[in-house]
Structure formats: C-alpha cells, structure tokens
Amino acid sequence: MKRPRNPLLEVIFVFAFSVLAFSSATDVYITPDGSSQGVCTSNPQTPAWFNSSSNWGSGSSQIGPGTTVHLCGVFSGAAASNVLTTQGNGANSNPITIKFEAGARISAPSCGTFSTNPTGGCMSVKNQWVTVDGNNTGVIQSTLNGTSGNTCPGGTCSLNNPTAGVYVGASNVVVKNLTVADMYDRIPCGSNTEVNQQWGIVVDGGASAFTNVTVSGNTIHDAQQGVVVVGGSTNISNMTITQNTIYHSSSSISVAEGGGAAGASNFTISFNDIYDGYYWWDTGDGDHLNGMHLFAAAPGTSMNNFTLNGNYVHGDFGGSTCGGGGSHTTALIFFETTGGGTGSGNGFYNNLLVSGKNDDPSNGLLNLGDPNDSGALVANNTFVGANDGSGYSIMAGGTFTWKNNVTSGLTYGLYANGAGGSQVIACDHNNYYQPSTGWRLKSTIYSPFSSWQTAGYDANGDNANPNLNADYTLPSGSPAIGLGANLTSLGIAALNTGAPQTFGAGYACGTGCLARGASGNWDAGAYPYGTGDAPPNPPTGLAAVVN
C-alpha cells in the first residue's frame with residue numbers, strides 16, 4: 001500500500017539538507033606556507049587564504065559560525081603589517097574560534113598597521129562573535145620595535161612604531177590564554193621621549209558603539225599599555241578584563257573615553273597581576289605611569305558601574321631600580337574623571353596595592369581624584385606603602401564610602417582633597433597602621449587617630465598593627481580579624497569573598513578565594529583570615545524527599 005505524503009516531514013528533510021549543504025567548515029587548518037605542520041595535516045591553507053573574504057561564509061569549506069581555525073607553525077609578517085585579519089562573523093552561541101596549536105607564533109618587526117594609533121595588529125579581529133584562543137601556548141611578538149640600540153628579540157632594536165599585538169574592532173569578541181610580548185622593548189629608567197601607542201591587546205570601537213568583549217588569561221609584557229579599551233566618541237559597555245598577567249608597561253590596563261557624549265559602563269576588571277612599570281620610568285612624554293589608568297576626560301563622557309575586584313598591583317615602578325618613582329608615577333590605580341567627565345556607581349573591592357621601595361605614588365595608591373565621580377564604594381582592600389614618609393592609601397576628590405580597608409606604612413591613612421568632609425559618605429571599620437602624618441580632609445589634618453574618630457570617622461576602626469604576613473594575609477591574632485562590617489546586605493557578590501591566593505593568568509575566585517560570612521563581622525582587608533569568617537549558612541525551607 002502506498003504511504004501518504006507527509007508535508008511536514010518533507011519540510012524538515014529539506015531544511016536539514018540545506019543546513020548540511022550550506023553549513024560552515026567544522027575545522028580549518030592554517031600554516032605559514034600551506035604545508036602540513038603539527039596537527040595541521042588536513043588540507044592546510046595559507047595566511048593569504050585566511051585573509052581572503054571569499055573563504056569566509058556559510059559554505060562547507062568556508063570559515064563561518066562554529067568553525068575552529070587551527071594555527072600551526074611560525075607566521076612572519078613585514079614591519080607594520082597585519083599578519084592575520086578576520087573577514088566574517090560567527091554567531092551568538094556559535095562563534096568562530098581561532099586556536100593556536102602547540103608552538104604557534106605570529107611575529108613581525110613591528111606588529112600592526114597604524115596612522116597615529118594602531119589600526120590593526122599582528123592578529124586583527126574586525127568581526128563579531130570571534131574567539132581568539134592562545135591555548136596557553138600561542139605567542140604574538142614584535143621583534144625589532146624598541147629604544148634605538150636596545151636588544152630586541154630579532155636583534156638590535158631599529159624601529160619606533162605604534163604597534164598592536166591583537167587589534168579588536170568589533171563587539172562580541174574573546175581574546176584569551178595568549179602571550180603578547182615585546183610590542184616595544186624600552187631601555188629601563190630612560191628619560192628619552194618615545195613614540196606612543198605600543199599596545200598589547202587593544203579594543204577599539206572606531207566610529208560605532210561596541211559591547212561584550214572579554215580579555216582573559218593572557219600574559220602581556222613590554223608594551224607601553226598592556227590592555228587598552230578606546231572609546232573615543234562612542235559608547236563602550238559590558239567589558240571584562242580578568243586573570244591577566246601584565247608587566248613592563250606604562251599603564252598595564254587603560255580605558256579611555258575621550259570625547260563626545262560617550263560613556264563607558266559595566267566594566268569588570270578583576271584578578272589581574274600587574275607589576276614592574278619601571279621600564280617606562282620618567283618617560284618625558286606626559287604619560288601616567290600607573291598600574292591602571294581609567295579615564296573619562298572630556299565634557300559629556302562618563303565611567304559608570306565599573307567593578308575593580310581582586311587585582312594585585314605591585315613591584316618596582318622606578319623607586320628601586322631607577323632611584324625614584326619618576327615624575328609620572330601618579331597612582332597604582334588612577335580612576336580619573338576630568339575636563340567635564342563624570343563617574344557613578346563604581347566599586348573597588350579586594351584589591352591588593354603594594355608600593356615598592358621609594359615608590360609611593362604622588363596621588364595615592366588608589367586615586368579617585370576628581371569631584372565628578374560620585375558614590376564610589378571602596379571596601380575590603382589592602383594598601384601597603386613603602387613606609388618611607390610619603391604616599392596615601394587613597395586620594396579622592398569625589399564622594400565615596402570607605403569601609404573594611406587595611407592600610408600600612410603610608411603618610412596619610414586617607415586623603416580627601418575635594419570638598420572636605422562632605423565628600424566622605426561613610427568611613428568606618430578600617431585598620432590603619434603608621435600613617436605618619438594622619439588623615440586629611442581638604443586642608444584639615446587629623447592626628448592622632450583619636451582626633452579622627454572625634455571628627456566622626458572610624459568609630460569602629462583602629463590604628464593597630466595588622467601584623468600582615470609576607471603574603472599580606474592576616475595572621476592569627478591580627479586586630480583586623482573581625483574588625484570589618486558585614487556588607488552582605490548590599491547584595492554585591494564580589495564583596496562576599498576575598499582576593500585570590502594567586503593572581504594573574506589562569507587564576508580567579510573558585511580556585512582560592514575565601515568566603516566572607518553571611519552573618520557576623522567580616523575581617524578587614526583583601527584577605528579573610530584562615531578558611532573564611534564562617535561557612536555559608538545552611539539552606540532553609542527544603543522539603544523532604546520521599547522515594
């Protein structure tokens with residue numbers, strides 16, 4: 001008997017056939033010359049094939065949503081060139097992945113095209129829904145860019161160009177687990193003026209708003225700026241910069257919202273390990289020498305809802321190696337709203353900021369230096385100065401709340417240089433040790449600690465030695481244990497755990513952060529004592545299960 005036709009099944013079959021016939025390649029292999037190398041043995045292609053738009057799309061042999069592009073071998077480009085540039089989009093939940101296989105490397109005498117600023121990189125990602133995965137083995141490197149006469153990876157440095165290891169010019173991009181090195185090899189402690197804009201990983205919105213970019217787990221060194229997010233006159237939002245190790249940079253993390261009615265919002269900058277900026281000591285070009293420099297510096301610009309959590313900024317910014325911090329060492333974290341820029345809803349939690357010898361920055365370990373930043377919450381941080389008669393834990397010009405912090409070895413326990421006491425919304429439960437001058441609100445200095453308390457601050461704080469361990473954790477018996485206020489009611493998840501035991505590439509909470517209790521006092525500083533203040537409360541309201 002003849003079966004009746006089923007139109008629905010026919011439609012499903014045709015649709016399924018169409019998907020198979022027009023779906024992108026699952027795996028594509030790229031080698032420097034198209035020959036087999038490493039795991040790239042199945043019809044490998046050349047960089048020119050990768051860079052041709054005709055090979056990107058939904059065809060069965062094209063790069064498109066869901067494709068993994070495997071890179072094998074050492075890719076070399078000319079000076080000021082883009083070695084690999086994307087040509088098409090992935091899709092939400094089905095991105096294109098560019099994966100560095102073991103030993104894969106991209107290099108050029110200087111990475112990336114440029115005019116004044118880089119407009120491309122050794123790896124240029126100019127399309128959405130793309131993931132660049134260094135696979136903890138991939139390297140991007142400039143080989144001849146640096147101070148004239150210095151030693152570069154390719155020999156004596158002979159170029160002085162703007163550069164970018166990875167250039168991101170689109171939304172919905174991830175760059176992870178990659179080493180970006182030697183964008184500019186500067187002679188340490190020099191006072192010579194260098195060209196600007198040697199960037200490790202840059203996120204550049206261009207002329208349109210952009211969002212949802214993650215830079216995580218990377219190691220970046222010897223670049224004027226390690227991770228750069230440039231808003232220009234566009235809105236930038238939902239950015240995550242986490243678990244990176246960055247060193248030998250003038251500003252290891254930089255966010256610039258520089259013109260027009262544009263805003264940067266909803267940034268998470270967490271668990272980064274930043275150190276040793278002394279290579280850019282006293283640059284003479286007006287740049288800040290900071291661990292981070294985040295700024296909205298023009299009328300109509302803004303930085304809102306930034307969370308800086310669990311970052312470690314430390315090491316030598318010129319004091320030990322160069323004999324002084326240099327005229328541009330302004331802060332370990334400099335959060336700046338100048339020239340009409342504004343900020344609101346920003347939080348700074350569980351950060352560990354440590355000055356090196358002779359290195360206390362001129363504007364505080366943490367600087368919230370402008371009156372246009374309002375309502376910042378600074379809580380559960382540890383600030384350690386060089387104990388050499390200079391430095392501030394925080395210098396703030398806007399309004400802020402200051403709770404549960406530990407400071408040690410600084411000139412001022414707190415320095416509010418804006419509108420005086422009115423800018424301090426709340427200040428309590430902090431531990432201070434050896435503020436050699438005292439606590440300052442605009443032109444009024446309070447010392448000893450009892451006068452600070454009499455003025456209405458830190459009724460529940462103290463100025464006892466926290467006896468920090470060598471790793472800045474709290475030892476048994478530290479007066480900072482139980483000193484902090486319980487901030488669970490604020491509903492800010494980042495506050496409920498301390499800093500990680502290990503920072504930088506590959507580390508974050510979940511692999512070493514201690515919990516803070518849901519009830520009872522917290523410990524002051526970035527690290528809860530021991531195994532945490534208290535175990536999580538047991539669940540309530542559970543119904544019995546009957547088998």
# chains A, B, ... in the order shown; residues from 1 in each chain; ligands from 1
$ residues_around --residues "segment 374-389 of chain A" --least-positions-apart "3" --cutoff "9 Å" --atoms "only C-alpha atoms" --output "PyMOL selection string"
chain A and resi 310+342-360+365-366+368+371+392-394+398-411+423+425+430+434-437+472+484+495+498-499+523-527
$ closest_residue --among "A:Gly323, A:Ser110, A:Phe335, A:Thr330" --to "Ala223 of chain A" --atoms "only C-alpha atoms"
A:Ser110
$ select_by_dssp --residues "segment 22-225 of chain A" --states "helix (DSSP H, G or I)" --output "short mmCIF file (atom, residue, chain, number, x, y, z; two decimals) with N, CA, C and O atoms, in the first residue's frame"
data_model
loop_
_atom_site.label_atom_id
_atom_site.label_comp_id
_atom_site.auth_asym_id
_atom_site.auth_seq_id
_atom_site.Cartn_x
_atom_site.Cartn_y
_atom_site.Cartn_z
N PHE A 22 24.91 23.89 3.39
CA PHE A 22 25.41 25.25 3.44
C PHE A 22 26.01 25.62 4.79
O PHE A 22 26.21 26.78 5.07
N PRO A 47 48.14 31.86 5.06
CA PRO A 47 47.58 33.11 5.59
C PRO A 47 46.82 33.91 4.54
O PRO A 47 45.81 34.54 4.86
N ALA A 48 47.28 33.89 3.29
CA ALA A 48 46.55 34.62 2.24
C ALA A 48 45.15 34.06 2.06
O ALA A 48 44.19 34.81 1.80
N TRP A 49 44.99 32.75 2.18
CA TRP A 49 43.66 32.13 2.10
C TRP A 49 42.80 32.61 3.26
O TRP A 49 41.63 32.97 3.07
N PHE A 50 43.36 32.66 4.49
CA PHE A 50 42.65 33.14 5.67
C PHE A 50 42.23 34.59 5.48
O PHE A 50 41.11 34.99 5.85
N SER A 53 38.34 37.37 1.84
CA SER A 53 36.93 37.34 2.23
C SER A 53 36.16 36.24 1.52
O SER A 53 35.11 35.79 2.01
N SER A 54 36.65 35.78 0.38
CA SER A 54 35.94 34.73 -0.37
C SER A 54 35.93 33.40 0.37
O SER A 54 35.14 32.51 0.04
N ASN A 55 36.79 33.26 1.37
CA ASN A 55 36.87 31.99 2.11
C ASN A 55 36.14 32.05 3.45
O ASN A 55 36.29 31.16 4.29
#
$ select_by_dssp --residues "segment 400-532 of chain A" --states "strand (DSSP E or B)" --output "ChimeraX atom specification"
/A:400-403,406-408,412-416,424-428,431-433,438-441,444-446,462,484,497,515,522
$ atom_distance --atom1 "atom CA of Ala419 of chain A" --atom2 "atom CA of Thr444 of chain A"
11.3 Å
